[in-house]
Structure formats: structure tokens, C-alpha cells
Amino acid sequence: MHYKKLTFWQRNFFFFFFLLCKYSSSQSQNDWILKKEEEGISVYTRNVETSSLKELKSVVTIRTSLSSIVALLNDWDSYPQWVYRCEKSSTLKTISESEVIHYQTVIAPWPVDSRDFVVNVKLTQDPITKIITIISQPHPDFIPKTEDMVRIRNFKASWTLIPLKDGWVEVNYQLLVDPGGYVPAWLVNLAVVEGPYQTKLNMKKWVMKDKYQKAVISYLKE
């Protein structure tokens, strides 16, 4: 059987068509998908190529100052009262006014063991846009693990505070975490939606407390 020889344009058409399909497929796998939108809070997830777990992003806009939000985020002792399933929260070491080593425990639903994690938390602010970025990186061996907790070793989180017009701030949180031990992926992915939603819902109320509203953080530009 004889096949007709492809012309230069035909060969290139198929080549670029292949690249387009590959790019579109790759792009769709990385797209954020809206999972919940209530009370002005949007929660998104997206697939991660190297894991069966999903990455999350939650977004809310609050009319308040940058200092008030940072003051709340820096108030580690308050976390058990407004952060989803947080049992304990403390600062292990203060490196500078904008960097700490933070410890936190997470209550897991029965029969899953509770978790704890240690992270290095560092805040930076763009001097021109005034956008604040707070990055949390894992520091699991900073303190010995306890027998009753599974230590989370793979953890990447970030807060991005974007000042808008008329005193509004967009609060964007992203998290990709492997809880370690045995936890069904479906259970983790379920918490990926409800956890950030409840935390943001509580945050909207807590940041309006007087001690945060009156906070002035000298190293921040409003």
C-alpha cells in the first residue's frame, strides 16, 4: 500500500495541532475549579500532577487595613478560636519582626490521628504595590515529634494581601499539604474545601475586633 507523501504545510499543521492539544490538556489540569462560594468567600481547588491530593485557594475581600489582618495573623495564640480544627498554636522562635518559627496542632476527625506541624513563616511587602506575601515553609525537625501526633512534613502555604480601592483588601490563601500517615485522599480533599471556608468566615468577624482594628504595624505601608 502506498501512502501519499505529506506536504510541508500538512506536516506542520499536524505538529502544531499536537502541541496545541498537549498545551490545552496541561492547562486544564492546572486550572482552578470553584468548589464553594458563599458569604463573599470563594474556595477553589486544582489537581497536582505529582499527588492525588488537591491544592486549595480561598479568596475573600474585607474592608479593613493591612495592619489589622497582619495583626490577626500574627496573634498565634488566637488561632484555636478561629482557625478550622486548630487545637494549639504557638511561636517557637522569633527570628525578626517579620519572621518566626511557628507550631500548630490540627484536630483530625475520628479515627484519624491528629497532626502537628512546624513552619518557618516569613512576611514581605512590595514597596510599590504594597502587596503583602506571607510564606510558610516546613521545618519539621525543629522540635522532636510527640507520640500522639503525626508530624506533617510536606507543607506549603501562602497568604497574599492585596490592597484595593476604598480601603478594601483581597485576602488570598493557598495551601498544598500532605498530612502524612494514613489518611484517605477523599477525606483530605473534603477538608480542603470546608477548612478554608470556615477559617475565612471566622476571619471576617475576628479582624473587626478593636485590638486588630487599632493595630499599627510600623514596618508595613498602608
# chains A, B, ... in the order shown; residues from 1 in each chain; ligands from 1

$ select_by_dssp --residues "stretch 6-216 of chain A" --states "alpha helix (DSSP H)" --output "ChimeraX atom specification"
/A:8-30,66-74,79-82,185-206,210-213

$ residues_around --residues "stretch 74-86 of chain A" --least-positions-apart "3" --cutoff "8 Å" --atoms "only C-alpha atoms" --output "ChimeraX atom specification"
/A:70-71,89-91,104-108,195-196,198-199,202-203,206

$ residues_around --residues "A:Tyr219" --least-positions-apart "3" --cutoff "12 Å" --atoms "only C-alpha atoms" --output "list in words"
Leu66, Ser67, Val70, Ala71, Ser96, Glu97, Ser98, Leu123, Thr124, Gln125, Asp126, Pro127, Lys130, Ile132, Val216 and Glu222 of chain A

$ closest_residue --among "A:Thr45, A:Asp148, A:Ile69, A:Thr61" --to "A:Ile217" --atoms "only C-alpha atoms"
A:Ile69

$ closest_residue --among "A:Ser58, A:Thr94, A:Thr129, A:Asn154" --to "A:Tyr173" --atoms "only C-alpha atoms"
A:Ser58

$ closest_atom_pairs --of "stretch 66-120 of chain A" --to "stretch 134-137 of chain A" --cutoff "9 Å" --atoms "only C-alpha atoms" --output "JSON lines"
{"residue": "A:His102", "atom": "CA", "partner": "A:Ser136", "partner_atom": "CA", "distance": 9.0}
{"residue": "A:Val118", "atom": "CA", "partner": "A:Gln137", "partner_atom": "CA", "distance": 8.5}
{"residue": "A:Val119", "atom": "CA", "partner": "A:Gln137", "partner_atom": "CA", "distance": 5.2}
{"residue": "A:Asn120", "atom": "CA", "partner": "A:Gln137", "partner_atom": "CA", "distance": 5.2}

$ write_last_selection --atoms "N, CA and C atoms" --output "short mmCIF file (atom, residue, chain, number, x, y, z; two decimals), in the first residue's frame"
data_model
loop_
_atom_site.label_atom_id
_atom_site.label_comp_id
_atom_site.auth_asym_id
_atom_site.auth_seq_id
_atom_site.Cartn_x
_atom_site.Cartn_y
_atom_site.Cartn_z
N HIS A 102 6.85 28.74 63.70
CA HIS A 102 5.50 28.57 64.26
C HIS A 102 5.15 27.09 64.41
N VAL A 118 5.46 22.21 62.06
CA VAL A 118 6.33 23.33 62.40
C VAL A 118 6.72 24.00 61.08
N VAL A 119 6.53 25.31 61.02
CA VAL A 119 6.82 26.02 59.78
C VAL A 119 7.61 27.30 60.05
N ASN A 120 8.40 27.66 59.07
CA ASN A 120 9.05 28.96 59.06
C ASN A 120 8.13 29.92 58.31
#

$ atom_distance --atom1 "atom CA of A:Thr64" --atom2 "atom CA of A:Leu34"
25.2 Å

$ residues_around --residues "A:Ser42" --least-positions-apart "2" --cutoff "9 Å" --atoms "only C-alpha atoms" --output "list in words"
Leu34, Lys35, Lys36, Glu37, Glu38, Glu39, Gly40, Tyr44, Lys57, Ser58, Val59, Val60 and Tyr197 of chain A

$ closest_residue --among "A:Ala157, A:Val150, A:Val169, A:Val193" --to "A:Gly181" --atoms "only C-alpha atoms"
A:Val150

$ select_by_dssp --residues "stretch 12-135 of chain A" --states "strand (DSSP E)" --output "PyMOL selection string"
chain A and resi 33-38+41-48+51-63+86-96+99-106+115-125+132-135

$ atom_distance --atom1 "atom CA of A:Ile101" --atom2 "atom CA of A:Leu73"
13.5 Å

$ decode --residues "stretch 12-164 of chain A" --atoms "C-alpha atoms" --output "compact mmCIF listing (two decimals), in the first residue's frame"
# COMPACT_ATOMS: atom_id res chain seq x y z
CA ASN A 12 3.50 21.45 10.27
CA PHE A 13 -0.28 21.52 10.72
CA PHE A 14 -0.24 18.16 12.49
CA PHE A 15 2.79 19.19 14.55
CA PHE A 16 1.20 22.39 15.81
CA PHE A 17 -2.14 20.65 16.33
CA PHE A 18 -0.37 18.12 18.57
CA LEU A 19 1.30 20.90 20.57
CA LEU A 20 -2.00 22.75 20.94
CA CYS A 21 -3.77 19.65 22.27
CA LYS A 22 -0.93 18.91 24.66
CA TYR A 23 -0.89 22.50 25.92
CA SER A 24 -4.68 22.62 26.34
CA SER A 25 -4.68 19.34 28.24
CA SER A 26 -1.87 20.50 30.52
CA GLN A 27 -3.57 23.84 31.09
CA SER A 28 -6.93 22.28 32.03
CA GLN A 29 -5.24 20.06 34.61
CA ASN A 30 -3.81 23.11 36.35
CA ASP A 31 -6.90 25.32 36.23
CA TRP A 32 -8.55 26.37 39.48
CA ILE A 33 -12.08 24.99 39.88
CA LEU A 34 -14.59 26.86 42.03
CA LYS A 35 -15.91 24.50 44.72
CA LYS A 36 -17.79 26.82 47.05
CA GLU A 37 -18.94 30.44 47.02
CA GLU A 38 -20.86 31.80 50.00
CA GLU A 39 -20.75 34.87 52.24
CA GLY A 40 -18.35 36.58 49.82
CA ILE A 41 -15.85 33.70 50.18
CA SER A 42 -14.67 31.69 47.19
CA VAL A 43 -12.87 28.36 47.57
CA TYR A 44 -11.06 26.74 44.66
CA THR A 45 -9.13 23.51 44.18
CA ARG A 46 -6.88 22.21 41.45
CA ASN A 47 -5.18 18.94 40.68
CA VAL A 48 -1.49 18.42 41.36
CA GLU A 49 0.40 16.30 38.84
CA THR A 50 2.58 14.59 41.45
CA SER A 51 -0.14 13.85 44.01
CA SER A 52 -3.68 12.54 44.44
CA LEU A 53 -4.27 15.43 46.85
CA LYS A 54 -5.60 18.78 45.72
CA GLU A 55 -4.17 22.25 46.16
CA LEU A 56 -6.57 24.83 47.54
CA LYS A 57 -7.09 28.54 47.18
CA SER A 58 -9.56 30.67 49.12
CA VAL A 59 -10.34 34.32 48.42
CA VAL A 60 -12.29 36.95 50.34
CA THR A 61 -12.39 40.75 50.24
CA ILE A 62 -12.54 42.63 53.55
CA ARG A 63 -12.84 46.37 54.18
CA THR A 64 -10.07 46.85 56.71
CA SER A 65 -6.38 47.81 56.96
CA LEU A 66 -3.40 45.68 56.06
CA SER A 67 -2.12 46.09 59.63
CA SER A 68 -5.33 44.68 61.10
CA ILE A 69 -5.08 41.50 59.04
CA VAL A 70 -1.38 41.03 59.77
CA ALA A 71 -2.02 41.69 63.48
CA LEU A 72 -4.61 38.90 63.48
CA LEU A 73 -2.34 36.51 61.57
CA ASN A 74 0.49 37.31 64.00
CA ASP A 75 -1.73 36.62 67.01
CA TRP A 76 -0.80 32.95 67.12
CA ASP A 77 -2.47 32.32 70.49
CA SER A 78 -5.86 33.20 68.99
CA TYR A 79 -5.75 30.55 66.26
CA PRO A 80 -7.62 27.83 68.19
CA GLN A 81 -10.57 30.22 68.38
CA TRP A 82 -10.94 30.98 64.67
CA VAL A 83 -8.76 28.68 62.55
CA TYR A 84 -10.50 25.49 61.40
CA ARG A 85 -9.71 22.48 63.67
CA CYS A 86 -6.71 24.20 65.26
CA GLU A 87 -6.13 22.88 68.78
CA LYS A 88 -2.83 24.53 69.78
CA SER A 89 -0.80 27.34 68.27
CA SER A 90 2.41 28.99 69.45
CA THR A 91 5.58 30.79 68.40
CA LEU A 92 8.68 28.66 68.93
CA LYS A 93 11.20 31.26 67.87
CA THR A 94 11.11 34.90 66.77
CA ILE A 95 13.75 35.45 64.11
CA SER A 96 12.77 39.05 63.33
CA GLU A 97 9.69 41.23 63.45
CA SER A 98 8.60 39.67 60.15
CA GLU A 99 9.81 36.08 60.53
CA VAL A 100 9.05 33.35 63.09
CA ILE A 101 9.09 29.60 63.62
CA HIS A 102 5.50 28.57 64.26
CA TYR A 103 3.98 25.41 65.78
CA GLN A 104 0.40 24.24 65.35
CA THR A 105 -1.71 21.16 66.01
CA VAL A 106 -4.72 20.08 63.98
CA ILE A 107 -7.59 18.00 65.35
CA ALA A 108 -8.45 15.26 62.89
CA PRO A 109 -11.86 13.55 62.79
CA TRP A 110 -12.02 10.09 64.37
CA PRO A 111 -10.46 7.60 63.71
CA VAL A 112 -7.66 9.60 62.04
CA ASP A 113 -4.73 10.66 64.26
CA SER A 114 -4.32 14.36 64.92
CA ARG A 115 -1.49 16.20 63.18
CA ASP A 116 1.06 18.83 64.07
CA PHE A 117 3.46 20.90 62.01
CA VAL A 118 6.33 23.33 62.40
CA VAL A 119 6.82 26.02 59.78
CA ASN A 120 9.05 28.96 59.06
CA VAL A 121 6.77 31.94 58.43
CA LYS A 122 8.17 34.99 56.64
CA LEU A 123 6.41 38.21 55.65
CA THR A 124 7.48 40.51 52.83
CA GLN A 125 5.84 43.57 51.30
CA ASP A 126 6.31 45.03 47.85
CA PRO A 127 7.26 48.71 48.41
CA ILE A 128 5.43 49.84 45.26
CA THR A 129 2.24 47.77 45.09
CA LYS A 130 2.10 47.34 48.91
CA ILE A 131 1.08 43.72 48.35
CA ILE A 132 1.96 41.59 51.37
CA THR A 133 3.06 37.97 50.96
CA ILE A 134 3.41 35.57 53.89
CA ILE A 135 5.10 32.28 53.05
CA SER A 136 5.09 29.21 55.31
CA GLN A 137 7.71 26.56 54.64
CA PRO A 138 8.06 23.26 56.55
CA HIS A 139 10.62 22.99 59.35
CA PRO A 140 9.56 19.56 60.71
CA ASP A 141 12.71 18.72 62.69
CA PHE A 142 12.92 21.98 64.63
CA ILE A 143 11.48 20.20 67.67
CA PRO A 144 11.07 16.46 68.43
CA LYS A 145 7.74 14.92 67.45
CA THR A 146 5.35 13.61 70.07
CA GLU A 147 3.92 10.08 70.10
CA ASP A 148 0.29 11.18 69.97
CA MET A 149 0.74 13.33 66.84
CA VAL A 150 1.63 12.63 63.23
CA ARG A 151 4.16 15.26 62.13
CA ILE A 152 3.31 16.91 58.81
CA ARG A 153 6.49 17.17 56.77
CA ASN A 154 5.24 18.39 53.39
CA PHE A 155 3.54 21.75 53.79
CA LYS A 156 3.44 24.84 51.60
CA ALA A 157 1.15 27.75 52.36
CA SER A 158 0.92 31.42 51.50
CA TRP A 159 -1.19 34.43 52.39
CA THR A 160 -1.36 37.25 49.84
CA LEU A 161 -2.92 40.54 50.95
CA ILE A 162 -3.72 42.82 48.02
CA PRO A 163 -4.80 46.41 48.84
CA LEU A 164 -7.70 47.61 46.68
